[in-house]
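Notes follow the structure.
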Amino acid sequence: MYAITVTEPGGPEKLVWTEVPDPVPAEGEVLVEVAASAVNRADVVQRQGFYDPPPGASSYPGLECSGRIAALGPGVSGWAVGDEVCALLAGGGYAEKVCVPAGQLLPVPDGMDLVTAAALPEVTATVWSNVFMIAHLRPGETFLVHGGGSGIGTMAVQLAKAVGARVAVTAGSQDKLERCRELGADILIDYREQDFVEELRKVTGGVGADVVLDIVGAKYLARNVDALAVNGRLVIIGLQGGRTAELDLGALLTKRAAVMGTSLRGRPLQEKAAIVAAVREHVWPLIAGGRVRAVVDRTLPMREAAAAHRVVEESSHVGKVVLTTG
């Protein structure tokens with residue numbers, strides 16, 4: 001088969017479409033013939049040499065895919081060769097074939113084409129696990145997501161709105177904010193021109209956000225805590241703004257707030273399977289009912305992964321950039 005390999009850490013030009021050995025499914029795995037994958041920020045960091053795959057995972061980039069089951073490994077039940085699926089991966093999505101633990105498979109949602117489905121697994125699993133399983137966002141609460149125009153952001157806006165939350169977003173352009181409004185965002189904040197803490201206080205009468213989903217990290221830590229309501233929950237899932245910051249613990253104690261940091265890629269298989277099962281139970285019906293959709297900015301051939309990475313690094317996209325093998 002062919003796959004995108006990283007010849008050495010560096011820029012997008014280090015992504016090369018190369019012939020490699022076919023994978024063979026192990027116990028509890030299925031072999032998927034890949035139709036499409038999607039670019040995630042983690043893929044960029046891996047290409048740069050700062051985010052190695054977990055032990056035993058494929059060395060090729062790609063944290064999600066869609067395609068058809070080509071073979072079943074020993075001990076797999078409930079799936080059949082030919083089934084159209086999408087999948088959460090620990091790596092290997094940028095390839096013509098990939099082996100997937102059966103617990104990380106999802107059926108392609110009703111009414112959705114196979115390529116578009118590649119944009120769903122990572123964002124739905126990330127948002128559902130963090131915003132709902134960990135932070136327990138409830139109807140009527142105020143939710144803030146940074147990077148509202150990203151793949152994570154566009155899905156977070158829709159899911160939070162679907163459960164009855166009031167949704168605030170930050171983004172770096174009026175075009176991205178408008179796209180977030182179309183997806184259901186109630187409070188639009190241009191982080192280049194406005195202070196998100198002040199804006200949230202204005203529109204919430206000084207209360208703040210009950211849940212904040214943050215991809216920035218250190219740069220926003222203190223301000224995110226300032227933006228929290230009493231009993232608020234801050235979930236940090238990215239470090240684009242650095243790893244280390246000081247925090248006034250008095251402010252945290254006064255608000256009886258919680259700060260949580262999570263990642264998805266390296267979790268044990270059982271935890272990932274539980275998240276995927278929750279996504280299938282709670283998110284898939286919303287997609288089938290038309291209340292939530294995949295947001296795809298553009299689709300490129302997988303052999304042009306370098307161009308796709310440049311788009312993501314420039315942050316010029318809204319939603320996901322999808323790579324197709326066809």
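Residue numbers start at 1 in each chain; chains themselves are named A, B, ... in the order of the structure tokens; ligands are numbered from 1 in the order shown.
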Pick out the residues sitting within 7 Å of Pro101 in chain A, and hand them over as a PyMOL selection string; count only C-alpha atoms, and ignore anything fewer than 4 positions along from it in its own chain.
chain A and resi 28-30
Please produce a file of the residues just selected, as a PDB file, in the first residue's frame, where the atoms kept are all heavy atoms.
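So the final result, stored in out_8.pdb, reads:
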ATOM      1  N   GLY A  28      -8.668  -8.691  17.873  1.00  0.00           N
ATOM      2  CA  GLY A  28      -9.563  -7.593  18.211  1.00  0.00           C
ATOM      3  C   GLY A  28      -9.517  -6.406  17.269  1.00  0.00           C
ATOM      4  O   GLY A  28     -10.164  -5.386  17.540  1.00  0.00           O
ATOM      5  N   GLU A  29      -8.807  -6.526  16.147  1.00  0.00           N
ATOM      6  CA  GLU A  29      -8.690  -5.426  15.195  1.00  0.00           C
ATOM      7  C   GLU A  29      -9.387  -5.756  13.879  1.00  0.00           C
ATOM      8  O   GLU A  29      -9.606  -6.925  13.561  1.00  0.00           O
ATOM      9  CB  GLU A  29      -7.219  -5.111  14.901  1.00  0.00           C
ATOM     10  CG  GLU A  29      -6.456  -4.540  16.075  1.00  0.00           C
ATOM     11  CD  GLU A  29      -5.031  -4.172  15.697  1.00  0.00           C
ATOM     12  OE1 GLU A  29      -4.504  -4.717  14.698  1.00  0.00           O
ATOM     13  OE2 GLU A  29      -4.429  -3.346  16.406  1.00  0.00           O
ATOM     14  N   VAL A  30      -9.693  -4.710  13.114  1.00  0.00           N
ATOM     15  CA  VAL A  30     -10.157  -4.885  11.750  1.00  0.00           C
ATOM     16  C   VAL A  30      -9.223  -4.115  10.823  1.00  0.00           C
ATOM     17  O   VAL A  30      -8.586  -3.139  11.231  1.00  0.00           O
ATOM     18  CB  VAL A  30     -11.604  -4.395  11.551  1.00  0.00           C
ATOM     19  CG1 VAL A  30     -12.549  -5.085  12.518  1.00  0.00           C
ATOM     20  CG2 VAL A  30     -11.701  -2.885  11.702  1.00  0.00           C
TER      21      VAL A  30
END
Quick one: which range 99-190 of chain A residues come within 9 Å of range 223-234 of chain A, and what is the nearest atom pair for each with the distance in Å to one decimal, counting only C-alpha atoms, rows ordered by chain and ascending number, as CSV?
residue,atom,partner,partner_atom,distance
A:Ala135,CA,A:Arg233,CA,6.0
A:His136,CA,A:Arg233,CA,8.7
A:Leu137,CA,A:Arg233,CA,8.9
A:Thr142,CA,A:Ala229,CA,8.9
Against range 282-303 of chain A, which residues of range 25-97 of chain A fall within 12 Å? For each one I want the closest pair of atoms and the distance in Å (one decimal), counting only C-alpha atoms, rows by chain and increasing residue number, as CSV.
residue,atom,partner,partner_atom,distance
A:Val34,CA,A:Met302,CA,10.6
A:Ala35,CA,A:Met302,CA,9.8
A:Ala36,CA,A:Met302,CA,7.8
A:Ser37,CA,A:Met302,CA,8.0
A:Ala38,CA,A:Thr299,CA,8.9
A:Val39,CA,A:Met302,CA,10.1
A:Pro61,CA,A:Met302,CA,11.4
A:Gly62,CA,A:Met302,CA,10.8
A:Cys65,CA,A:Met302,CA,11.7
A:Cys86,CA,A:Trp284,CA,11.9
A:Gly93,CA,A:Met302,CA,10.0
A:Tyr94,CA,A:Met302,CA,6.9
A:Ala95,CA,A:Met302,CA,8.0
A:Glu96,CA,A:Met302,CA,9.2
Selection to disk with all heavy atoms, as a compact mmCIF listing (two decimals), in the first residue's frame:
# COMPACT_ATOMS: atom_id res chain seq x y z
N VAL A 34 -8.93 2.52 3.47
CA VAL A 34 -9.21 3.92 3.78
C VAL A 34 -9.73 4.67 2.56
O VAL A 34 -9.14 4.62 1.48
CB VAL A 34 -7.94 4.62 4.32
CG1 VAL A 34 -8.18 6.11 4.54
CG2 VAL A 34 -7.48 3.96 5.62
N ALA A 35 -10.84 5.37 2.74
CA ALA A 35 -11.35 6.28 1.72
C ALA A 35 -10.86 7.69 1.97
O ALA A 35 -10.54 8.43 1.03
CB ALA A 35 -12.88 6.26 1.72
N ALA A 36 -10.78 8.08 3.25
CA ALA A 36 -10.36 9.44 3.58
C ALA A 36 -9.86 9.50 5.01
O ALA A 36 -10.18 8.63 5.85
CB ALA A 36 -11.53 10.42 3.40
N SER A 37 -9.05 10.51 5.29
CA SER A 37 -8.62 10.85 6.64
C SER A 37 -8.81 12.35 6.79
O SER A 37 -9.32 13.01 5.87
CB SER A 37 -7.17 10.44 6.87
OG SER A 37 -6.77 10.68 8.21
N ALA A 38 -8.44 12.91 7.92
CA ALA A 38 -8.56 14.35 8.11
C ALA A 38 -7.36 14.85 8.91
O ALA A 38 -6.76 14.10 9.68
CB ALA A 38 -9.86 14.70 8.83
N VAL A 39 -7.02 16.10 8.70
CA VAL A 39 -5.84 16.69 9.34
C VAL A 39 -6.22 17.26 10.70
O VAL A 39 -7.20 18.00 10.82
CB VAL A 39 -5.23 17.80 8.46
CG1 VAL A 39 -4.00 18.39 9.13
CG2 VAL A 39 -4.88 17.25 7.08
N PRO A 61 1.10 9.51 10.26
CA PRO A 61 0.15 10.45 10.86
C PRO A 61 -1.30 10.03 10.56
O PRO A 61 -1.55 9.19 9.70
CB PRO A 61 0.47 11.78 10.18
CG PRO A 61 1.80 11.58 9.51
CD PRO A 61 1.90 10.13 9.20
N GLY A 62 -2.23 10.67 11.27
CA GLY A 62 -3.64 10.45 11.00
C GLY A 62 -4.38 9.85 12.16
O GLY A 62 -4.19 8.68 12.47
N CYS A 65 -10.18 8.16 10.33
CA CYS A 65 -10.33 7.78 8.93
C CYS A 65 -11.76 7.34 8.68
O CYS A 65 -12.54 7.12 9.61
CB CYS A 65 -9.36 6.66 8.54
SG CYS A 65 -9.82 5.02 9.17
N CYS A 86 -16.29 4.70 10.01
CA CYS A 86 -15.26 5.69 10.31
C CYS A 86 -14.66 5.30 11.65
O CYS A 86 -15.25 4.51 12.39
CB CYS A 86 -15.80 7.11 10.29
SG CYS A 86 -17.22 7.42 11.34
N GLY A 93 -3.78 7.03 9.87
CA GLY A 93 -4.88 7.40 8.99
C GLY A 93 -4.47 7.88 7.62
O GLY A 93 -5.23 7.77 6.65
N TYR A 94 -3.24 8.41 7.50
CA TYR A 94 -2.76 8.89 6.21
C TYR A 94 -2.20 7.72 5.40
O TYR A 94 -1.01 7.64 5.09
CB TYR A 94 -1.63 9.90 6.39
CG TYR A 94 -1.96 11.24 6.99
CD1 TYR A 94 -3.13 11.50 7.68
CD2 TYR A 94 -1.04 12.28 6.88
CE1 TYR A 94 -3.39 12.73 8.22
CE2 TYR A 94 -1.28 13.52 7.44
CZ TYR A 94 -2.46 13.75 8.12
OH TYR A 94 -2.70 14.97 8.67
N ALA A 95 -3.06 6.80 5.05
CA ALA A 95 -2.60 5.59 4.36
C ALA A 95 -3.77 4.97 3.62
O ALA A 95 -4.93 5.31 3.85
CB ALA A 95 -2.03 4.58 5.36
N GLU A 96 -3.46 4.03 2.72
CA GLU A 96 -4.52 3.35 1.98
C GLU A 96 -5.20 2.27 2.81
O GLU A 96 -6.33 1.88 2.51
CB GLU A 96 -3.93 2.74 0.70
CG GLU A 96 -3.50 3.80 -0.31
CD GLU A 96 -2.91 3.21 -1.57
OE1 GLU A 96 -2.19 2.18 -1.47
OE2 GLU A 96 -3.17 3.76 -2.65
Near-Val203 in chain A list (12 Å; only C-alpha atoms; drop same-chain fewer than 3 positions) as a VMD selection string
chain A and resid 142 166 to 168 186 to 189 196 to 200 206 to 209 227
Saved selection, atoms kept: N, CA and C atoms, as a short mmCIF file (atom, residue, chain, number, x, y, z; two decimals), in the first residue's frame:
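Okay, part-v2.cif is ready:
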data_model
loop_
_atom_site.label_atom_id
_atom_site.label_comp_id
_atom_site.auth_asym_id
_atom_site.auth_seq_id
_atom_site.Cartn_x
_atom_site.Cartn_y
_atom_site.Cartn_z
N THR A 142 -23.54 28.33 30.48
CA THR A 142 -22.79 29.08 29.47
C THR A 142 -21.49 28.35 29.19
N ARG A 166 -25.83 27.88 26.40
CA ARG A 166 -25.56 29.17 25.76
C ARG A 166 -24.10 29.14 25.34
N VAL A 167 -23.82 29.41 24.07
CA VAL A 167 -22.49 29.14 23.51
C VAL A 167 -21.77 30.43 23.15
N ALA A 168 -20.55 30.56 23.68
CA ALA A 168 -19.65 31.66 23.34
C ALA A 168 -18.43 31.10 22.62
N ASP A 186 -23.96 31.91 20.27
CA ASP A 186 -24.73 33.05 20.73
C ASP A 186 -23.86 34.28 20.99
N ILE A 187 -22.63 34.05 21.43
CA ILE A 187 -21.73 35.13 21.84
C ILE A 187 -20.46 35.03 21.00
N LEU A 188 -20.19 36.07 20.21
CA LEU A 188 -19.07 36.05 19.27
C LEU A 188 -18.00 37.03 19.73
N ILE A 189 -16.77 36.53 19.92
CA ILE A 189 -15.68 37.36 20.45
C ILE A 189 -14.49 37.28 19.51
N PHE A 196 -11.77 38.51 25.89
CA PHE A 196 -12.87 37.56 26.07
C PHE A 196 -13.39 37.54 27.50
N VAL A 197 -12.55 37.85 28.49
CA VAL A 197 -13.01 37.88 29.88
C VAL A 197 -14.02 39.02 30.06
N GLU A 198 -13.68 40.20 29.56
CA GLU A 198 -14.57 41.36 29.69
C GLU A 198 -15.86 41.14 28.92
N GLU A 199 -15.77 40.58 27.71
CA GLU A 199 -16.97 40.37 26.91
C GLU A 199 -17.90 39.38 27.57
N LEU A 200 -17.35 38.31 28.14
CA LEU A 200 -18.19 37.33 28.82
C LEU A 200 -18.88 37.94 30.04
N GLY A 206 -21.75 39.52 34.64
CA GLY A 206 -20.65 39.31 35.58
C GLY A 206 -20.49 37.88 36.05
N VAL A 207 -21.33 36.98 35.57
CA VAL A 207 -21.28 35.60 36.06
C VAL A 207 -20.12 34.82 35.45
N GLY A 208 -19.95 34.87 34.12
CA GLY A 208 -18.89 34.14 33.44
C GLY A 208 -19.37 32.84 32.84
N ALA A 209 -18.42 32.00 32.44
CA ALA A 209 -18.71 30.74 31.76
C ALA A 209 -18.68 29.58 32.75
N ALA A 227 -12.40 34.04 33.65
CA ALA A 227 -13.65 33.97 32.88
C ALA A 227 -14.65 32.97 33.45
#
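With only C-alpha atoms as the atoms that count, the minimum distance from Glu314 in chain A to the choices A:Arg181, A:Asp248, A:Thr170, A:Val44 is reached by A:Val44.
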Picked from range 41-287 of chain A by DSSP as helix (DSSP H, G or I), as a VMD selection string
chain A and resid 41 to 47 102 to 104 114 to 117 121 to 134 151 to 162 174 to 183 196 to 203 218 to 227 249 to 255 269 to 282 284 to 287
Point-to-point distance from CA of Pro139 in chain A to CA of Ile236 in chain A, Å rounded to tenths:
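Taking CA of Pro139 in chain A as the start and CA of Ile236 in chain A as the end point, the length is 21.3 Å.
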Which residue, A:Ala305, A:Gly217, A:Ala119, A:Ser58, has the smallest gap to Pro21 in chain A when you use only C-alpha atoms?
A:Ser58
Quick one: everything within 7 Å of range 150-162 of chain A, counting only C-alpha atoms, minus sequence neighbours fewer than 2 positions away in the same chain. Send it as a VMD selection string.
chain A and resid 123 to 124 127 145 to 148 164 to 167 180 183 to 185 291 to 292 295 318 to 320
Secondary structure check, strand (DSSP E) residues of range 22-170 of chain A, as a ChimeraX atom specification:
/A:29-38,64-72,84-88,97-101,105-107,142-145,166-170
For Ala102 in chain A: contacts at 12 Å, only C-alpha atoms, fewer than 2 positions along chain excluded, given as number ranges by chain
A: 25-32, 69, 71-80, 85-89, 99-100, 104-107, 269-270, 272-274, 276-277
Find the residues near Val45 in chain A: any atom within 12 Å, counting only C-alpha atoms, skip ones fewer than 5 places away on the same chain, and give them as a PyMOL selection string.
chain A and resi 6+9-12+39-40+50-53+61-62+238-240+309+312-313
Any chance you can output those residues with C-alpha atoms as a short mmCIF file (atom, residue, chain, number, x, y, z; two decimals), in the first residue's frame?
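The result, stored in result16.cif:
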data_model
loop_
_atom_site.label_atom_id
_atom_site.label_comp_id
_atom_site.auth_asym_id
_atom_site.auth_seq_id
_atom_site.Cartn_x
_atom_site.Cartn_y
_atom_site.Cartn_z
CA VAL A 6 7.60 11.56 7.78
CA PRO A 9 11.08 16.07 11.60
CA GLY A 10 10.48 19.38 9.89
CA GLY A 11 8.15 21.29 7.61
CA PRO A 12 5.29 20.03 5.45
CA VAL A 39 -5.84 16.69 9.34
CA ASN A 40 -5.60 17.45 13.05
CA PHE A 50 7.24 16.73 19.17
CA TYR A 51 4.40 14.19 19.44
CA ASP A 52 5.39 10.56 18.97
CA PRO A 53 2.66 7.94 18.53
CA PRO A 61 0.15 10.45 10.86
CA GLY A 62 -3.64 10.45 11.00
CA GLY A 238 -4.11 21.89 23.70
CA LEU A 239 -0.87 23.75 24.26
CA GLN A 240 -0.67 26.11 21.29
CA HIS A 309 -0.75 20.87 6.57
CA VAL A 312 -3.96 24.07 8.92
CA GLU A 313 -0.80 25.84 10.06
#
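Between CA of Val311 in chain A and CA of Ala125 in chain A the interatomic distance comes to 23.1 Å.
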Between A:Ala306, A:Val163, A:Val169, A:Val98, which residue has the minimum interatomic distance to Leu63 in chain A, considering only C-alpha atoms?
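Comparing A:Ala306, A:Val163, A:Val169, A:Val98 against Leu63 in chain A, the winner is A:Val98.
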Any idea what the distance is between CA of Val235 in chain A and CA of Thr262 in chain A?
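Going from CA of Val235 in chain A over to CA of Thr262 in chain A covers 7.3 Å.
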